[in-house]
Structures are given as structure tokens and as C-alpha cells.
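Visitor: Got a file for you: model_14.txt, compact mmCIF, C-alpha atoms and all ligand atoms.
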```
# COMPACT_ATOMS: atom_id res chain seq x y z
CA MET I 1 -81.92 -13.86 -0.27
CA ASP I 2 -81.61 -16.19 2.78
CA ALA I 3 -77.89 -16.68 2.08
CA THR I 4 -77.34 -12.91 2.07
CA ILE I 5 -79.28 -12.44 5.29
CA ALA I 6 -77.43 -15.39 6.84
CA ARG I 7 -74.10 -13.71 5.95
CA ALA I 8 -75.34 -10.44 7.45
CA ALA I 9 -76.44 -12.28 10.61
CA ASP I 10 -73.03 -13.97 11.00
CA ILE I 11 -71.22 -10.64 10.62
CA ILE I 12 -73.48 -8.91 13.14
CA LEU I 13 -73.11 -11.78 15.65
CA SER I 14 -69.31 -11.62 15.47
CA ALA I 15 -69.14 -7.80 15.45
CA LYS I 16 -68.18 -5.64 18.42
CA HIS I 17 -69.88 -2.33 17.58
CA VAL I 18 -72.84 -2.34 15.19
CA ILE I 19 -74.61 0.92 14.38
CA ALA I 20 -77.46 1.71 11.99
CA LEU I 21 -78.13 4.71 9.76
CA THR I 22 -81.80 4.84 8.81
CA GLY I 23 -83.75 6.88 6.28
CA ALA I 24 -87.33 7.40 5.17
CA GLY I 25 -87.47 3.96 3.56
CA ILE I 26 -87.85 2.23 6.93
CA SER I 27 -91.05 4.22 7.56
CA THR I 28 -92.82 3.81 4.19
CA GLU I 29 -94.48 0.59 5.45
CA SER I 30 -95.89 2.70 8.29
CA GLY I 31 -97.67 4.82 5.69
CA ILE I 32 -95.20 7.72 5.55
CA PRO I 33 -94.02 8.26 1.95
CA ASP I 34 -90.31 8.72 1.50
CA PHE I 35 -88.89 11.73 -0.34
CA ARG I 36 -87.39 10.55 -3.60
CA SER I 37 -89.23 7.38 -4.63
CA ARG I 38 -92.19 7.67 -7.01
CA GLY I 39 -95.01 9.37 -5.08
CA GLY I 40 -92.53 10.67 -2.53
CA LEU I 41 -92.89 13.97 -0.69
CA TRP I 42 -90.52 15.83 -3.03
CA GLU I 43 -92.70 14.85 -6.00
CA ARG I 44 -95.49 16.91 -4.47
CA TYR I 45 -93.48 19.67 -2.84
CA ASP I 46 -90.38 21.14 -4.49
CA PRO I 47 -87.82 21.00 -1.65
CA SER I 48 -86.23 24.24 -2.84
CA GLU I 49 -89.54 26.01 -2.21
CA TYR I 50 -90.76 24.08 0.85
CA ALA I 51 -87.81 22.58 2.72
CA THR I 52 -85.12 25.25 2.98
CA ILE I 53 -84.64 27.51 5.99
CA ASP I 54 -84.71 30.54 3.64
CA ALA I 55 -88.12 29.47 2.33
CA PHE I 56 -89.38 29.25 5.92
CA HIS I 57 -88.07 32.73 6.75
CA GLU I 58 -89.57 34.25 3.60
CA ARG I 59 -92.90 32.35 3.33
CA PRO I 60 -93.58 30.33 6.53
CA GLY I 61 -97.26 29.98 5.64
CA LYS I 62 -96.38 28.27 2.37
CA VAL I 63 -93.93 25.90 4.06
CA TRP I 64 -96.61 25.02 6.59
CA GLU I 65 -98.71 23.70 3.66
CA MET I 66 -96.12 20.90 3.34
CA LEU I 67 -95.70 20.62 7.12
CA PHE I 68 -99.44 20.04 7.66
CA ASP I 69 -99.12 16.96 5.42
CA MET I 70 -95.84 15.79 6.99
CA VAL I 71 -97.05 16.27 10.59
CA GLY I 72 -100.38 14.67 9.76
CA LEU I 73 -98.70 11.60 8.27
CA THR I 74 -96.23 11.14 11.13
CA ARG I 75 -98.93 11.53 13.81
CA SER I 76 -101.11 8.77 12.39
CA ALA I 77 -98.16 6.43 11.70
CA ARG I 78 -97.17 3.53 13.96
CA PRO I 79 -93.87 1.61 14.01
CA ASN I 80 -93.70 -1.33 11.59
CA PRO I 81 -91.83 -4.68 11.97
CA GLY I 82 -88.67 -3.05 10.62
CA HIS I 83 -88.56 -0.56 13.51
CA ALA I 84 -89.41 -3.37 15.95
CA ALA I 85 -86.57 -5.54 14.62
CA LEU I 86 -84.01 -2.78 15.28
CA ALA I 87 -85.39 -2.25 18.80
CA GLU I 88 -84.98 -6.01 19.38
CA LEU I 89 -81.38 -5.97 18.11
CA GLU I 90 -80.65 -3.18 20.61
CA LYS I 91 -82.25 -5.23 23.43
CA MET I 92 -80.12 -8.22 22.37
CA GLU I 93 -77.12 -5.85 22.75
CA LEU I 94 -76.26 -6.39 19.07
CA LEU I 95 -77.00 -2.80 18.00
CA LYS I 96 -75.31 0.09 19.82
CA CYS I 97 -77.26 3.00 18.32
CA ILE I 98 -79.46 4.19 15.50
CA ILE I 99 -78.58 7.40 13.68
CA THR I 100 -81.84 8.33 12.00
CA GLN I 101 -82.53 10.94 9.33
CA ASN I 102 -86.24 10.49 10.07
CA VAL I 103 -88.22 12.94 12.18
CA ASP I 104 -91.20 10.64 12.82
CA ASN I 105 -90.21 9.31 16.28
CA LEU I 106 -91.07 5.75 15.16
CA HIS I 107 -87.77 4.22 16.36
CA GLN I 108 -88.46 5.54 19.86
CA GLU I 109 -92.10 4.41 19.72
CA ALA I 110 -90.86 0.92 18.70
CA GLY I 111 -88.70 0.81 21.84
CA SER I 112 -85.27 1.84 20.54
CA VAL I 113 -83.47 3.84 23.22
CA ASN I 114 -80.14 4.99 21.80
CA VAL I 115 -81.44 7.04 18.86
CA ILE I 116 -79.54 10.00 17.42
CA GLU I 117 -82.00 12.33 15.64
CA TYR I 118 -79.77 13.68 12.89
CA HIS I 119 -82.47 15.82 11.28
CA GLY I 120 -84.36 16.74 14.46
CA ASN I 121 -87.86 15.73 15.42
CA VAL I 122 -91.27 16.88 14.27
CA SER I 123 -92.81 16.74 17.77
CA ARG I 124 -91.21 19.96 19.07
CA LEU I 125 -91.84 23.51 17.79
CA GLU I 126 -89.41 26.44 18.03
CA CYS I 127 -89.76 30.20 17.72
CA LEU I 128 -87.06 31.56 15.40
CA SER I 129 -87.60 35.03 16.92
CA CYS I 130 -87.16 34.42 20.65
CA GLY I 131 -85.80 30.84 20.67
CA THR I 132 -88.57 29.37 22.83
CA VAL I 133 -89.06 25.63 22.21
CA TYR I 134 -92.52 24.13 22.74
CA GLU I 135 -93.48 20.44 23.03
CA ASP I 136 -96.26 19.62 20.57
CA ARG I 137 -98.46 18.45 23.49
CA GLU I 138 -98.78 22.15 24.41
CA PHE I 139 -100.85 22.50 21.24
CA ASP I 140 -103.97 20.83 19.84
CA VAL I 141 -101.99 19.39 16.91
CA ALA I 142 -105.06 17.62 15.51
CA GLU I 143 -106.84 21.00 15.39
CA ILE I 144 -103.78 22.64 13.78
CA ILE I 145 -103.76 20.00 11.02
CA LYS I 146 -107.55 20.15 10.57
CA SER I 147 -107.79 23.95 10.54
CA ARG I 148 -104.45 24.27 8.65
CA VAL I 149 -103.70 27.30 10.83
CA PRO I 150 -99.96 27.29 11.76
CA PRO I 151 -99.14 27.55 15.50
CA VAL I 152 -97.66 30.85 16.70
CA CYS I 153 -95.31 31.78 19.54
CA GLY I 154 -97.15 32.83 22.72
CA LYS I 155 -94.70 35.73 23.18
CA CYS I 156 -93.88 36.94 19.66
CA LYS I 157 -96.98 35.80 17.73
CA VAL I 158 -94.71 34.62 14.86
CA MET I 159 -95.30 31.26 13.20
CA LEU I 160 -93.45 28.46 14.92
CA LYS I 161 -91.22 25.96 13.10
CA PRO I 162 -91.05 22.24 13.91
CA THR I 163 -87.55 21.36 15.18
CA VAL I 164 -86.72 19.48 11.97
CA ILE I 165 -83.56 20.40 10.07
CA PHE I 166 -84.32 22.20 6.83
CA PHE I 167 -81.88 22.39 3.94
CA GLY I 168 -79.46 25.22 4.76
CA GLU I 169 -79.59 24.56 8.51
CA MET I 170 -76.77 23.06 10.54
CA ILE I 171 -77.10 19.53 11.92
CA PRO I 172 -77.56 19.79 15.72
CA GLN I 173 -74.08 19.88 17.30
CA GLU I 174 -74.82 17.03 19.72
CA ALA I 175 -76.07 14.79 16.87
CA THR I 176 -72.96 15.56 14.83
CA VAL I 177 -70.54 14.76 17.66
CA ARG I 178 -72.35 11.59 18.80
CA SER I 179 -72.79 10.19 15.28
CA GLN I 180 -69.20 10.84 14.25
CA GLU I 181 -67.98 9.06 17.39
CA ALA I 182 -70.39 6.17 16.72
CA ALA I 183 -69.13 5.90 13.14
CA ARG I 184 -65.47 5.92 14.23
CA ASN I 185 -66.12 3.12 16.75
CA ALA I 186 -68.28 1.00 14.45
CA ASP I 187 -67.07 -2.25 12.88
CA VAL I 188 -70.44 -2.76 11.15
CA VAL I 189 -72.85 -0.11 9.76
CA MET I 190 -76.36 -1.15 8.73
CA VAL I 191 -77.50 1.41 6.13
CA ILE I 192 -81.28 1.09 6.06
CA GLY I 193 -83.88 2.64 3.76
CA THR I 194 -81.91 5.65 2.64
CA SER I 195 -80.94 6.89 -0.82
CA ALA I 196 -77.66 8.00 0.81
CA THR I 197 -77.79 11.22 -1.21
CA VAL I 198 -77.98 13.90 1.50
CA TYR I 199 -74.80 14.92 3.29
CA PRO I 200 -73.48 15.01 5.93
CA ALA I 201 -75.72 12.03 6.91
CA ALA I 202 -74.63 10.05 3.85
CA GLY I 203 -71.00 10.48 4.92
CA ILE I 204 -71.50 8.53 8.16
CA PRO I 205 -70.99 5.06 6.63
CA LEU I 206 -67.88 6.38 4.85
CA ILE I 207 -66.33 7.51 8.16
CA ALA I 208 -66.76 3.94 9.46
CA LYS I 209 -65.51 2.48 6.18
CA GLN I 210 -62.22 4.36 6.69
CA ASN I 211 -61.75 2.12 9.76
CA ASN I 212 -62.56 -0.99 7.69
CA ALA I 213 -66.12 -1.30 8.95
CA VAL I 214 -68.41 -3.66 7.05
CA ILE I 215 -71.33 -1.87 5.35
CA ILE I 216 -74.59 -3.85 5.16
CA GLU I 217 -77.23 -2.04 3.09
CA PHE I 218 -80.97 -2.79 3.32
CA ASN I 219 -83.01 -1.30 0.47
CA ILE I 220 -85.56 -2.19 -2.21
CA GLU I 221 -83.15 -0.86 -4.84
CA GLU I 222 -79.46 -0.10 -5.19
CA THR I 223 -78.21 3.36 -4.28
CA GLY I 224 -75.11 5.42 -4.98
CA LEU I 225 -73.54 3.75 -1.94
CA THR I 226 -74.12 0.19 -3.18
CA ASN I 227 -71.34 -0.12 -5.71
CA TYR I 228 -69.10 2.35 -3.88
CA ALA I 229 -68.97 1.21 -0.27
CA THR I 230 -71.52 -1.53 0.44
CA ASP I 231 -70.17 -4.98 1.32
CA ILE I 232 -73.51 -6.81 1.61
CA PHE I 233 -76.67 -5.63 -0.15
CA VAL I 234 -79.90 -7.05 1.30
CA ARG I 235 -82.57 -6.37 -1.31
CA GLY I 236 -86.17 -6.17 -0.06
CA LYS I 237 -88.61 -4.24 2.08
CA THR I 238 -87.18 -3.54 5.52
CA GLY I 239 -90.48 -4.55 7.13
CA THR I 240 -89.54 -8.07 5.97
CA THR I 241 -85.73 -8.18 5.70
CA LEU I 242 -85.01 -6.79 9.19
CA PRO I 243 -87.33 -9.27 11.00
CA ASP I 244 -85.82 -12.04 8.81
CA LEU I 245 -82.37 -10.93 9.97
CA VAL I 246 -83.40 -11.02 13.65
CA ASN I 247 -84.97 -14.49 13.20
CA MET I 248 -81.77 -15.71 11.50
CA ILE I 249 -79.70 -14.31 14.41
CA LYS I 250 -81.93 -16.07 16.94
CA GLN I 251 -81.54 -19.46 15.24
N1 LIG M 301 -87.79 -0.99 2.35
C1 LIG M 301 -86.51 -0.70 2.01
N2 LIG M 301 -86.15 0.44 1.37
C2 LIG M 301 -87.14 1.31 1.04
C3 LIG M 301 -88.50 1.06 1.34
C4 LIG M 301 -88.81 -0.15 2.03
N3 LIG M 301 -90.06 -0.47 2.36
N4 LIG M 301 -89.24 2.12 0.86
C5 LIG M 301 -88.36 2.97 0.29
N5 LIG M 301 -87.11 2.49 0.40
C6 LIG M 301 -85.85 3.13 -0.02
C7 LIG M 301 -85.87 3.80 -1.38
O1 LIG M 301 -85.48 2.88 -2.39
C8 LIG M 301 -84.81 4.90 -1.18
O2 LIG M 301 -83.52 4.42 -1.50
O3 LIG M 301 -85.60 4.15 0.92
C9 LIG M 301 -84.85 5.21 0.31
C10 LIG M 301 -85.52 6.53 0.65
O4 LIG M 301 -84.70 7.55 0.11
P1 LIG M 301 -85.17 9.08 0.27
O5 LIG M 301 -86.61 9.20 -0.13
O6 LIG M 301 -84.15 9.90 -0.41
O7 LIG M 301 -85.14 9.35 1.86
P2 LIG M 301 -83.85 9.59 2.75
O8 LIG M 301 -82.69 8.83 2.21
O9 LIG M 301 -84.25 9.34 4.14
O10 LIG M 301 -83.61 11.17 2.54
C11 LIG M 301 -82.57 11.74 3.30
O11 LIG M 301 -83.28 13.92 2.55
O12 LIG M 301 -85.00 15.29 1.99
C12 LIG M 301 -84.08 15.01 2.97
O13 LIG M 301 -84.26 15.50 5.26
C13 LIG M 301 -84.74 14.63 4.27
O14 LIG M 301 -83.98 13.02 5.90
C14 LIG M 301 -84.25 13.21 4.52
C15 LIG M 301 -82.98 13.14 3.69
ZN ZN M 302 -91.15 33.76 20.30
```
Could you quickly redo this structure as C-alpha cells?

Guide:
Amino acid sequence: MDATIARAADIILSAKHVIALTGAGISTESGIPDFRSRGGLWERYDPSEYATIDAFHERPGKVWEMLFDMVGLTRSARPNPGHAALAELEKMELLKCIITQNVDNLHQEAGSVNVIEYHGNVSRLECLSCGTVYEDREFDVAEIIKSRVPPVCGKCKVMLKPTVIFFGEMIPQEATVRSQEAARNADVVMVIGTSATVYPAAGIPLIAKQNNAVIIEFNIEETGLTNYATDIFVRGKTGTTLPDLVNMIKQ
């Protein structure tokens, strides 16, 4: 394992434009289950019934059953050493940006600044009727989770939706443009804790690969990307492998 991390460290040190694509796997050690591993969120909630924009339009109360769990888990979670390692790489000017599929805000809480939220963020709420966007601090979120009563729009009285991207929704335009530009400029992409199964996010490493970028994957198990596009596979928990990488770089 050290030899693989040493190779990854050498490549990152000699690179000009390193970016990272992160998924739910980087947050599991903060207590937030991922989606597709055993015990993941989609084992408990069928995404076709709880995570599509059509499901929210038709049965928002039912979708909020899953959201109460998701919001509750993200609120009590804190960044882990994997998030901290990426924030340190950015401070060392070795990581240009993080494109995250996660909505838990943990990269920002760990100190990362240049974070592209590809699937939105759970800490804002929007009204699909009048378009008003609320910050979650305008609500007693703890009370919402405890009472399991969904928040409603002050104007329209319809149930609000967290500004996370559901299946069937478009990726925010700004996130699309910024991440495609980051991928085109990258000479190294760290693909971290993602099953790389959901597009268009999973296509980001492939955009960089077209410009001969080196793909370094960090995961506890191989993914569909591993044998297709990955150049270096760092097996292990990101709460360990990412700090190991930073320590290797500092040596
Ligand atoms: N360290 C490293 N890898 C981990 C760890 C860990 N501690 N824990 C889990 N993983 C890996 C799993 O092996 C898996 O490959 O993280 C990956 C998580 O994959 P998914 O659960 O599919 O999550 P993600 O890839 O982020 O899903 C993408 O799908 O449901 C949508 O919008 C949702 O953003 C999400 C998107
Ligand atoms: Zn409204």
C-alpha cells in the first residue's frame, strides 16, 4: 500500500492541476451511510420512490420521510481526517478544487474553499411553487427532524424541498460549467469514495482522461471506473489513505 501511495504522492507533487471528485464514501467515517454499500441509504429507501423529482411532486410527505433521516445524519456529522486531508492539500496549493456529489457540507466545514456542489446542498430549502430559497437557519431544523413535520413556504404554504438534486433534475448550470472546465484543465483527477455509477458526475474523470489526465482512485473496493480508466488504485478507507497521502507528500 505504501508504494501505491508513494506513487500517487509523486504524481500529485509533479502535477500542475489536480482536482478531486468525491462521493458518499468519504463521509461514511463521519457516520453518514453511503447509498449503495450494504446498509446504504438506498437499501432502506427505494430511490425510485424517494429520490426522484416526480416522487417529490406527487408525494412530498413520503419523500420527507427519507429527508428527515438524511438531514438528521448530515447535521450531526463532523468532517473526518479524509475531509481534513483534502483541505490541507488545497492549502498546500496541490489541489485546485473539489467537485463533490455529497450534500453534507463536510468539505466546507473541514476548511476546503474551492468546492463545487454538483448535487446541491442540504442546508438550503426551496419552494417549487414560488421559487423562494430559504437558508436552513431560518428554521428550527432540530424541531423539524424531531417532530417529522416538513417545513412549508411562508408565502405558499407548500412543503419546501432541500436544494439537493433529485434524480430527474438538472445539475445546477454553474456546477456543470465549472466542473467541466476543471476537468478539461486537470492533469490529475483524484476519484474518491464514489461508485462512479451516476452520470453526469461519473463522466467528469473521463473528460480529463481525454486530455491524458492521470486518474487516481481512492476506494475500499474496485468500481466500474477501476479497470476502465483508473491509473492508480489506492485501496483503503479514505479516512486513512488520504492522510497517509498528505504525510507522504510532506516527507
Ligand atoms: N473509504 C473509501 N471508500 C468508501 C468508504 C470509505 N470509508 N465507504 C464507502 N466507500 C465507497 C464504496 O465502496 C462505494 O464505491 O464509496 C462508494 C460510495 O458509492 P455510492 O454509495 O454509490 O455513493 P456515490 O458514488 O456518492 O453516489 C453518487 O448517487 O444516489 C446518488 O445523488 C446520490 O450523490 C449520490 C450519487
Ligand atoms: Zn412559495

Visitor: List all protein, DNA and RNA residues that have an atom no more than 7 Å from any atom of ligand LIG 301 (chain M), counting all atoms listed in the file, and report them as number ranges by chain.

Guide: I: 22-26, 28-29, 34-37, 40, 101-102, 119, 165-166, 192-198, 218-221, 223, 236-239

Visitor: When you draw a straight line from CA of Ser123 in chain I to CA of Arg137 in chain I, how long is it in Å?

Guide: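 Separating CA of Ser123 in chain I from CA of Arg137 in chain I is a distance of 8.2 Å.
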
Visitor: Per residue of chain I within 10 Å of ligand ZN 302 (chain M), which atom pair is closest and at what distance in Å (one decimal), using only C-alpha atoms and all ligand atoms, listed by chain and increasing number, as a tab-separated table?

Guide:
```
residue	atom	partner	partner_atom	distance
I:Glu126	CA	M:ZN302	ZN	7.9
I:Cys127	CA	M:ZN302	ZN	4.6
I:Leu128	CA	M:ZN302	ZN	6.8
I:Ser129	CA	M:ZN302	ZN	5.1
I:Cys130	CA	M:ZN302	ZN	4.1
I:Gly131	CA	M:ZN302	ZN	6.1
I:Thr132	CA	M:ZN302	ZN	5.7
I:Val133	CA	M:ZN302	ZN	8.6
I:Val152	CA	M:ZN302	ZN	8.0
I:Cys153	CA	M:ZN302	ZN	4.7
I:Gly154	CA	M:ZN302	ZN	6.5
I:Lys155	CA	M:ZN302	ZN	5.0
I:Cys156	CA	M:ZN302	ZN	4.2
I:Lys157	CA	M:ZN302	ZN	6.7
I:Val158	CA	M:ZN302	ZN	6.6
I:Met159	CA	M:ZN302	ZN	8.6
I:Leu160	CA	M:ZN302	ZN	7.9
```

Visitor: Figure out the distance between CA of Leu89 in chain I and CA of Ala15 in chain I, please, to one decimal in Å.

Guide: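 Between CA of Ala15 in chain I and CA of Leu89 in chain I the gap is 12.7 Å.
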
Visitor: Report, in Å with one decimal, the straight-line distance from CA of Glu93 in chain I to CA of Gln173 in chain I.

Guide: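 Those two atoms sit 26.5 Å apart.
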
Visitor: My list of candidates is I:Ile98, I:Val113, I:Leu106, I:Ala6. Which is closest to Ala186 in chain I when distances are computed with all atoms listed in the file?

Guide: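 Under the stated criterion, the closest residue is I:Ile98.
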
Visitor: So that I can see what lies close to Gly120 in chain I, please list as a PDB file with C-alpha atoms, keeping the file's coordinate frame the residues with an atom at most 6 Å from it, counting all atoms listed in the file and leaving out residues fewer than 6 positions away in the same chain.

Guide:
```
ATOM      1  CA  VAL I 103     -88.220  12.940  12.180  1.00  0.00           C
ATOM      2  CA  THR I 163     -87.550  21.360  15.180  1.00  0.00           C
ATOM      3  CA  VAL I 164     -86.720  19.480  11.970  1.00  0.00           C
ATOM      4  CA  ILE I 165     -83.560  20.400  10.070  1.00  0.00           C
TER       5      ILE I 165
END
```

Visitor: Against range 55-76 of chain I, which residues of range 161-235 of chain I fall within 10 Å? For each one I want the closest pair of atoms and the distance in Å (one decimal), counting all atoms listed in the file, rows by chain and increasing residue number, as a tab-separated table.

Guide:
```
residue	atom	partner	partner_atom	distance
I:Lys161	CA	I:Phe56	CA	8.1
I:Pro162	CA	I:Leu67	CA	8.4
I:Phe166	CA	I:Phe56	CA	8.7
I:Phe167	CA	I:Ala55	CA	9.6
I:Gly168	CA	I:Ala55	CA	9.9
```

Visitor: Could you tell me, as a ChimeraX atom specification, which residues have any atom at most 12 Å from (-72.7, 13.7, 7.3), counting all atoms listed in the file?

Guide: /I:21,99-101,118-119,170-173,175-180,183,196-208

Visitor: Using all atoms listed in the file, which residue out of I:Ile19, I:Leu41, I:Ala182, I:Ala85 lies closest to Leu245 in chain I?

Guide: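 Distance minimum relative to Leu245 in chain I lands on I:Ala85.
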
Visitor: For each of I:Val191, I:Leu225, I:Ala20, I:Ile53, take the minimum atom-to-atom distance to Asn114 in chain I, counting all atoms listed in the file, then give the residue where this is smallest.

Guide: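 The answer is I:Ala20, which sits nearest to Asn114 in chain I.
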
Visitor: What lies within 12 Å of Ala9 in chain I using only C-alpha atoms, ignoring chain neighbours under 3 positions off, as a PyMOL selection string?

Guide: chain I and resi 2-6+12-15+18+89+94+188+190+216+232+234+241-251

Visitor: Taking all atoms listed in the file into account, which of I:Val189, I:Val214, I:Ala84, I:Ala51 comes nearest Asp231 in chain I?

Guide: I:Val214
